[in-house]
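Colleague: This is the structure, below, for whatever I ask next.
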Amino acid sequence: MSDTLPIDNLENDFRQALETGHVVVSAATGSGKSTRLPLWCRQAGRVLVIEPRRVACTALATFLAESLGQRPGQSVGYAIRFDSCFGPETEVVFVTPGIALRWLAEDGLANFAVVMLDEFHERRWDTDLLLALLKARRQHHLVATSATLSGPALADYLDARVLEAEGRSYPVSVNYVAGDVRGMPDKRGLEARTRAAVERALSETDGDVLVFLPGRGEIQSVQAALGGLDAECLTLHAGVPANEQQRALKPGRGRRIILATNVAETSLTIPAVTAVVDAGLERRTARRNNRTVLQLAPIAQANAEQRRGRAGRVAPGHCYRLWGRQAPLDSFRPPEIQREDLTEMMLAAASAGYRLASLSFPDRLPERALTTARARLESMGAVDQEGRITAHGRALFALPIDTLFAHLISAMPDESSRAAMVDLTAALNVSPPLMRLPEAAVARVELADWQPLACDATTLLAVIRGRAPESLNIRPGARKEARRLAEQMRMALGLPRNIPEVLTVDRAAWLKAMAKAAPELLYVRRQRRPSAMGNGWDEVIIDERSRMEDEALAALVLDDHSVPGKRGTRETRTLATCLAPVPLSLIQDLDLGQVTLDEVRLESGEPRVRERREYAGRTVAREETRPSGTALRQAVAELVLADRMLIPAGSHLKEDLQQWALYVALGKHRESMAPDMPDQPEVPEVKPWLIARLETLGLNLMEDLALIEPDDLKFKGIPDWEREAFDRQYPARFFLGDLVLRVLYDVSRKQIMLEPESGQRKTVPKRWELPAWSGWEIQYRRDSKVEDVR
């Protein structure tokens, strides 16, 4: 390691700072912080380096090992999902945050003296949590590095010393392809615009071209669009096999075009790059409807600068930005803890023995997200009412998957359905996806012959378990990884490790168990927009990659992702990509949705009702019933208030409550001599009060009706000794000859409205004919005509 790097100027200061406490190193891209600092940290003991991405973990560990003249696993090693290369004597171990959190829960990272969190500026929830936990434990020397984050702010949080180093870079000219406009980064026409920018870069520079794209799908489409150019085209993202990643990270023989996600923004050094083409987009998480979704979004200005710097590592370079110079990009990307669901984070904290809300973070955790996460974990039985992790929670955290899917696995009623859930979860947790539906009609027929049921879940299960038709274009690498993950989880759960070649699961019972464990996964089609589905608080669009047929009205949505809407990146839509159709009757079987009474009638003196069950705005069932429980009380209340049962209880109750509301509005309760009269009495609504009263009286079964009398439904509001005098002064009805007037009081406006209920009189009443309503304005309304009473 004889090459000098800008970070080398900090070596003595860094070593001294590490002896006394924590250190924050703020250094630009290209300074060498990711390769030098781990070796310097060895002076304090064994070192754990946390890298946000698997690609960086393996690449940096391999580079450092080779620079020491060793193989990975000797002095320097790594551990990522499915792959580890280190031993008890390994001095520096690179790991992903997920591995570090599990090791922390197991033994508190007791084997490490120094923990270094590299690229902390990315502000992932898992690295934020690791730093907060390690700060609270006070058992390790901590080193946090950042290329864009404010070093002093992070140093204040850690009570650490901050060191700064310049990067090693050459000038980079910036070209805005869209011109001097406010146009934001946009996916539309991305392939053609990227090709034009790449052609320009190849003609204006001599080195390799690094292209930043938001995801694998865009990389594939752009790669196809770049055909015919005189340069080798490589890809770099988390799903690329290790040998192909190494090709991108080492010099080539000729000119190259590297198509990468934001994995290439930091840490990784890609040699010979003198031009960057930046689409200005990334896929990042966001919290919507109390859950985390992946959406396409513009990058922040800080990330744009990171990408630009990649063109100036080896020589003066050029950066071609596919958006307008005046585009209003955000300054920084919001940290994940402020834009994601916190369920995973809260469970991870609980596994380490901490309540998430009690930890200190660089940024405040949103209260609503904390409340939602706590409620979700309690409903799963993963934490108790004190926020402590349960045995079930530890079992969920031990699985290297999303908490929801871990919960689904644990909720399965038998070994067959549990194994099927494990295999499906593995199929959904690999990237890129296992398969893409064929477009050719012949291939679609072949698929239907192989798997007649149009269900994405069982199709994926069949793909991971058996031999699928070649026309499905199964990705061998993704299938291999999915099977490895399934085998790992099967071993952890004590299930047979060998994956069967057949489905061997009762599909209806399997899906019902899923819906029972996680009702939020159950969606129904919108009646007016059948391509959309809702679950009561969220909406998804059925993706064209789904096999779900038009006749299916309900489904479990097991996988989705977000894409830009018609207005570009400022609006997103969620596409459901893995659906398992279920019958609408499942909603009724699980007692989901809202039940309302469509019709209430008397039949042989007993209430009968037609119930309507609605779910996400769609009527899913109608049923004629002899009601009981809540439905019976609702039906009886409706019939009583319509004066069809227990007459005259309904009309008396409405009048009693109307008079009570007037009594309270006039402040008469303050003058009352009743000893139990509250300072601010409640004025209930008629029907809810009546339903509650019927429940108090024990009305649950039809037979209970015989025990209820009209007098049992009286509302005791105005004290008995005041009621007669109050009714004389403020009658609810007033009789004027054969004219019956309904009297309505507006206390705030000191206004009385008279409305005729019956009688032949046509003329407006005179003031002298009415009670002495002193100080009140009185009006008379017949039909739509209103006149003053004089």
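Naming scheme: A, B, ... for chains in displayed order of the structure tokens; residues 1 onward per chain; ligands 1 onward as shown.
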Name all residues at most 6 Å from region 239-254 of chain A (count only C-alpha atoms; drop same-chain ones fewer than 4 positions away) and give them as a list in words.
Modeller: Ile270, Pro271 and Ser431 of chain A
Colleague: Now that the selection is made, can you save its residues with C-alpha atoms as an mmCIF file, in the first residue's frame?
Modeller:
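This went into out-v6.cif:
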data_model
loop_
_atom_site.group_PDB
_atom_site.id
_atom_site.type_symbol
_atom_site.label_atom_id
_atom_site.label_comp_id
_atom_site.auth_asym_id
_atom_site.auth_seq_id
_atom_site.Cartn_x
_atom_site.Cartn_y
_atom_site.Cartn_z
ATOM 1 C CA ILE A 270 -14.100 2.111 -10.521
ATOM 2 C CA PRO A 271 -10.830 2.669 -12.432
ATOM 3 C CA SER A 431 -33.314 -9.651 -6.725
#
Colleague: Run DSSP on the backbone of this structure and report the residues of region 602-788 of chain A it assigns to strand (DSSP E or B), as a PyMOL selection string.
Modeller: chain A and resi 602-603+606-615+618-625+733-736+739-746+751-758+777-782+785-788
Colleague: Quick one: residues within 12 Å of region 773-778 of chain A, only C-alpha atoms counted, chain neighbours fewer than 3 positions away excluded, as number ranges by chain?
Modeller: A: 728-731, 743-755, 764-770, 781, 786-790
Colleague: Applying 10 Å and only C-alpha atoms, which residues near Ser410 (chain A) remain after dropping the ones on its own chain fewer than 4 positions away? List them as a list in words.
Modeller: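 Close residues of Ser410 (chain A): Met380, His392, Ala395, Leu396, Leu404, Phe405, Ala406, Asp414, Arg418, Met421, Val422, Leu493 and Ala517 of chain A.
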Colleague: Have a look at CA of Arg15 (chain A) and CA of Gln43 (chain A) and let me know their distance in Å, one decimal.
Modeller: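 Between CA of Arg15 (chain A) and CA of Gln43 (chain A) the gap is 7.8 Å.
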Colleague: Excluding region 388-390 of chain A and any residue of its chain fewer than 4 positions from it, enumerate the residues within 8 Å of it, using only C-alpha atoms, and give them as a list in words.
Modeller: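 Here the answer would be Leu347, Ala350, Ser351, Gly353, Tyr354, Arg355, Gly381, Ala382, Val383, Asp384 and Arg394 of chain A.
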Colleague: Which of these residues is nearest to Arg525 (chain A), using only C-alpha atoms: A:Glu722, A:Asp712, A:Asp656, A:Asp550?
Modeller: A:Asp550
Colleague: Which residues come within 7 Å of region 109-119 of chain A, counting only C-alpha atoms, excluding same-chain residues fewer than 6 positions away, as a list of chain:residue names?
Modeller: A:Ser34, A:Cys41, A:Ala44, A:Gly45, A:Arg46, A:Val47, A:Leu48, A:Val49, A:Ile50, A:Glu51, A:Trp103, A:His140, A:His141, A:Leu142, A:Val143, A:Ala144, A:Thr145, A:Ser146, A:Ala147
Colleague: For the selection you just gave me, I'd like the residues written to a file as a PDB file, in the first residue's frame, keeping C-alpha atoms.
Modeller:
ATOM      1  CA  SER A  34     -12.680   3.250   3.420  1.00  0.00           C
ATOM      2  CA  CYS A  41      -8.098   1.041  13.783  1.00  0.00           C
ATOM      3  CA  ALA A  44      -7.155  -0.563  19.451  1.00  0.00           C
ATOM      4  CA  GLY A  45      -8.055  -4.192  18.781  1.00  0.00           C
ATOM      5  CA  ARG A  46     -10.222  -6.197  16.437  1.00  0.00           C
ATOM      6  CA  VAL A  47     -12.200  -4.063  13.978  1.00  0.00           C
ATOM      7  CA  LEU A  48     -15.747  -4.433  12.605  1.00  0.00           C
ATOM      8  CA  VAL A  49     -16.410  -2.289   9.527  1.00  0.00           C
ATOM      9  CA  ILE A  50     -20.066  -1.789   8.603  1.00  0.00           C
ATOM     10  CA  GLU A  51     -20.668  -1.103   4.929  1.00  0.00           C
ATOM     11  CA  TRP A 103     -24.274 -10.168  16.004  1.00  0.00           C
ATOM     12  CA  HIS A 140     -16.647   0.200  21.811  1.00  0.00           C
ATOM     13  CA  HIS A 141     -14.485   2.774  20.135  1.00  0.00           C
ATOM     14  CA  LEU A 142     -16.709   4.215  17.406  1.00  0.00           C
ATOM     15  CA  VAL A 143     -15.596   5.622  14.060  1.00  0.00           C
ATOM     16  CA  ALA A 144     -18.126   7.179  11.689  1.00  0.00           C
ATOM     17  CA  THR A 145     -17.166   8.330   8.220  1.00  0.00           C
ATOM     18  CA  SER A 146     -19.033  10.592   5.882  1.00  0.00           C
ATOM     19  CA  ALA A 147     -18.499  12.170   2.501  1.00  0.00           C
TER      20      ALA A 147
END
Colleague: For Arg339 (chain A), which residue among A:Pro366, A:Pro756, A:Pro627, A:Gly217 is the nearest when counting only C-alpha atoms?
Modeller: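 Among the listed residues, A:Pro366 lies closest to Arg339 (chain A).
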Colleague: For Ala327 (chain A), which residue among A:Ala59, A:Leu213, A:Gly179, A:Asp208 is the nearest when counting only C-alpha atoms?
Modeller: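 Checking each of A:Ala59, A:Leu213, A:Gly179, A:Asp208 against Ala327 (chain A), counting only C-alpha atoms, the winner is A:Gly179.
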Colleague: Pick out each residue of region 312-502 of chain A that DSSP on the backbone tags as alpha helix (DSSP H); I need them as a PyMOL selection string.
Modeller: chain A and resi 343-351+367-380+391-398+403-411+415-428+441-450+456-465+476-493
Colleague: Could you turn the residues from that selection into a file that holds C-alpha atoms, as a PDB file, in the first residue's frame?
Modeller:
ATOM      1  CA  THR A 343     -41.376  -1.850  12.560  1.00  0.00           C
ATOM      2  CA  GLU A 344     -38.105  -3.507  11.532  1.00  0.00           C
ATOM      3  CA  MET A 345     -36.095  -0.941  13.430  1.00  0.00           C
ATOM      4  CA  MET A 346     -38.146  -1.294  16.611  1.00  0.00           C
ATOM      5  CA  LEU A 347     -37.849  -5.090  16.573  1.00  0.00           C
ATOM      6  CA  ALA A 348     -34.087  -4.862  16.030  1.00  0.00           C
ATOM      7  CA  ALA A 349     -33.753  -2.450  18.956  1.00  0.00           C
ATOM      8  CA  ALA A 350     -35.863  -4.713  21.180  1.00  0.00           C
ATOM      9  CA  SER A 351     -33.687  -7.692  20.252  1.00  0.00           C
ATOM     10  CA  GLU A 367     -44.140   9.880  16.797  1.00  0.00           C
ATOM     11  CA  ARG A 368     -46.812   8.526  14.478  1.00  0.00           C
ATOM     12  CA  ALA A 369     -44.412   6.008  12.949  1.00  0.00           C
ATOM     13  CA  LEU A 370     -43.325   4.907  16.442  1.00  0.00           C
ATOM     14  CA  THR A 371     -46.924   4.389  17.516  1.00  0.00           C
ATOM     15  CA  THR A 372     -47.766   2.414  14.387  1.00  0.00           C
ATOM     16  CA  ALA A 373     -44.698   0.191  14.704  1.00  0.00           C
ATOM     17  CA  ARG A 374     -45.410  -0.509  18.382  1.00  0.00           C
ATOM     18  CA  ALA A 375     -49.028  -1.443  17.635  1.00  0.00           C
ATOM     19  CA  ARG A 376     -47.989  -3.696  14.754  1.00  0.00           C
ATOM     20  CA  LEU A 377     -45.374  -5.569  16.787  1.00  0.00           C
ATOM     21  CA  GLU A 378     -47.749  -5.965  19.735  1.00  0.00           C
ATOM     22  CA  SER A 379     -50.444  -7.366  17.427  1.00  0.00           C
ATOM     23  CA  MET A 380     -47.905  -9.885  16.126  1.00  0.00           C
ATOM     24  CA  ALA A 391     -39.728 -15.310  22.404  1.00  0.00           C
ATOM     25  CA  HIS A 392     -41.847 -14.987  19.286  1.00  0.00           C
ATOM     26  CA  GLY A 393     -40.167 -11.668  18.497  1.00  0.00           C
ATOM     27  CA  ARG A 394     -36.709 -13.246  18.818  1.00  0.00           C
ATOM     28  CA  ALA A 395     -37.787 -15.977  16.417  1.00  0.00           C
ATOM     29  CA  LEU A 396     -38.959 -13.336  13.927  1.00  0.00           C
ATOM     30  CA  PHE A 397     -35.745 -11.314  14.222  1.00  0.00           C
ATOM     31  CA  ALA A 398     -33.599 -14.419  13.709  1.00  0.00           C
ATOM     32  CA  THR A 403     -40.718  -8.872   9.859  1.00  0.00           C
ATOM     33  CA  LEU A 404     -44.100  -9.221   8.146  1.00  0.00           C
ATOM     34  CA  PHE A 405     -43.029 -12.336   6.262  1.00  0.00           C
ATOM     35  CA  ALA A 406     -41.356 -13.747   9.365  1.00  0.00           C
ATOM     36  CA  HIS A 407     -44.696 -13.271  11.136  1.00  0.00           C
ATOM     37  CA  LEU A 408     -46.572 -14.965   8.294  1.00  0.00           C
ATOM     38  CA  ILE A 409     -44.237 -17.955   8.474  1.00  0.00           C
ATOM     39  CA  SER A 410     -44.749 -18.274  12.217  1.00  0.00           C
ATOM     40  CA  ALA A 411     -48.544 -17.985  11.838  1.00  0.00           C
ATOM     41  CA  GLU A 415     -45.570 -27.893   8.598  1.00  0.00           C
ATOM     42  CA  SER A 416     -46.759 -28.024   4.984  1.00  0.00           C
ATOM     43  CA  SER A 417     -48.086 -24.455   4.927  1.00  0.00           C
ATOM     44  CA  ARG A 418     -45.100 -23.196   6.935  1.00  0.00           C
ATOM     45  CA  ALA A 419     -42.674 -24.711   4.454  1.00  0.00           C
ATOM     46  CA  ALA A 420     -44.662 -23.238   1.559  1.00  0.00           C
ATOM     47  CA  MET A 421     -44.555 -19.816   3.225  1.00  0.00           C
ATOM     48  CA  VAL A 422     -40.786 -20.123   3.701  1.00  0.00           C
ATOM     49  CA  ASP A 423     -40.251 -21.006   0.041  1.00  0.00           C
ATOM     50  CA  LEU A 424     -42.529 -18.231  -1.232  1.00  0.00           C
ATOM     51  CA  THR A 425     -40.834 -15.698   1.061  1.00  0.00           C
ATOM     52  CA  ALA A 426     -37.452 -16.741  -0.303  1.00  0.00           C
ATOM     53  CA  ALA A 427     -38.728 -16.360  -3.862  1.00  0.00           C
ATOM     54  CA  LEU A 428     -39.919 -12.823  -3.098  1.00  0.00           C
ATOM     55  CA  ALA A 441     -48.977 -16.177 -26.884  1.00  0.00           C
ATOM     56  CA  VAL A 442     -47.464 -19.638 -27.313  1.00  0.00           C
ATOM     57  CA  ALA A 443     -45.404 -19.232 -24.152  1.00  0.00           C
ATOM     58  CA  ARG A 444     -48.469 -18.021 -22.243  1.00  0.00           C
ATOM     59  CA  VAL A 445     -50.316 -21.168 -23.274  1.00  0.00           C
ATOM     60  CA  GLU A 446     -47.355 -23.254 -22.141  1.00  0.00           C
ATOM     61  CA  LEU A 447     -47.393 -21.488 -18.777  1.00  0.00           C
ATOM     62  CA  ALA A 448     -51.143 -22.073 -18.378  1.00  0.00           C
ATOM     63  CA  ASP A 449     -50.697 -25.765 -19.178  1.00  0.00           C
ATOM     64  CA  TRP A 450     -47.949 -26.021 -16.549  1.00  0.00           C
ATOM     65  CA  ASP A 456     -48.620 -15.480  -8.824  1.00  0.00           C
ATOM     66  CA  ALA A 457     -47.890 -16.975  -5.401  1.00  0.00           C
ATOM     67  CA  THR A 458     -48.327 -20.615  -6.416  1.00  0.00           C
ATOM     68  CA  THR A 459     -46.520 -19.960  -9.699  1.00  0.00           C
ATOM     69  CA  LEU A 460     -43.474 -18.635  -7.814  1.00  0.00           C
ATOM     70  CA  LEU A 461     -43.702 -21.557  -5.427  1.00  0.00           C
ATOM     71  CA  ALA A 462     -43.683 -23.944  -8.377  1.00  0.00           C
ATOM     72  CA  VAL A 463     -40.703 -22.118  -9.912  1.00  0.00           C
ATOM     73  CA  ILE A 464     -38.581 -22.403  -6.785  1.00  0.00           C
ATOM     74  CA  ARG A 465     -39.572 -26.029  -6.225  1.00  0.00           C
ATOM     75  CA  PRO A 476     -30.822 -19.233 -12.657  1.00  0.00           C
ATOM     76  CA  GLY A 477     -28.804 -17.052 -10.286  1.00  0.00           C
ATOM     77  CA  ALA A 478     -31.903 -15.657  -8.602  1.00  0.00           C
ATOM     78  CA  ARG A 479     -33.451 -19.118  -8.279  1.00  0.00           C
ATOM     79  CA  LYS A 480     -30.249 -20.485  -6.754  1.00  0.00           C
ATOM     80  CA  GLU A 481     -30.150 -17.648  -4.214  1.00  0.00           C
ATOM     81  CA  ALA A 482     -33.844 -18.133  -3.381  1.00  0.00           C
ATOM     82  CA  ARG A 483     -33.350 -21.846  -2.756  1.00  0.00           C
ATOM     83  CA  ARG A 484     -30.330 -21.109  -0.548  1.00  0.00           C
ATOM     84  CA  LEU A 485     -32.363 -18.629   1.499  1.00  0.00           C
ATOM     85  CA  ALA A 486     -35.233 -21.125   1.758  1.00  0.00           C
ATOM     86  CA  GLU A 487     -32.860 -23.855   2.956  1.00  0.00           C
ATOM     87  CA  GLN A 488     -31.327 -21.487   5.530  1.00  0.00           C
ATOM     88  CA  MET A 489     -34.753 -20.590   6.942  1.00  0.00           C
ATOM     89  CA  ARG A 490     -35.940 -24.200   6.871  1.00  0.00           C
ATOM     90  CA  MET A 491     -32.943 -25.219   8.984  1.00  0.00           C
ATOM     91  CA  ALA A 492     -33.552 -22.377  11.444  1.00  0.00           C
ATOM     92  CA  LEU A 493     -37.202 -23.425  11.817  1.00  0.00           C
TER      93      LEU A 493
END
Colleague: Using only C-alpha atoms, which of A:Ile299, A:Cys578, A:Val162, A:Leu10 sits nearest Pro433 (chain A)?
Modeller: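 Answer, going by the shortest atom-to-atom distance: A:Cys578.
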Colleague: If we count only C-alpha atoms and set the cut-off at 12 Å, which residues sit around Glu703 (chain A), ignoring sequence neighbours fewer than 5 positions away in its own chain? Please answer as a list of chain:residue names.
Modeller: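 That gives A:Gly605, A:Glu606, A:Pro607, A:Arg626, A:Pro627, A:Ser628, A:Gly629, A:Leu632, A:Gly698, A:Ile708.
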Colleague: Produce a file of the selected residues containing C-alpha atoms, as a PDB file, in the first residue's frame.
Modeller:
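result_30.pdb written:
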ATOM      1  CA  GLY A 605     -93.322  -9.170  15.732  1.00  0.00           C
ATOM      2  CA  GLU A 606     -89.600  -9.888  15.527  1.00  0.00           C
ATOM      3  CA  PRO A 607     -86.864  -7.811  13.849  1.00  0.00           C
ATOM      4  CA  ARG A 626     -82.455 -13.161  12.365  1.00  0.00           C
ATOM      5  CA  PRO A 627     -80.119 -10.761  14.133  1.00  0.00           C
ATOM      6  CA  SER A 628     -78.349 -11.098  17.447  1.00  0.00           C
ATOM      7  CA  GLY A 629     -75.794  -9.096  19.388  1.00  0.00           C
ATOM      8  CA  LEU A 632     -80.010  -6.941  16.916  1.00  0.00           C
ATOM      9  CA  GLY A 698     -78.671  -7.147  28.191  1.00  0.00           C
ATOM     10  CA  ILE A 708     -87.724  -4.849  27.889  1.00  0.00           C
TER      11      ILE A 708
END
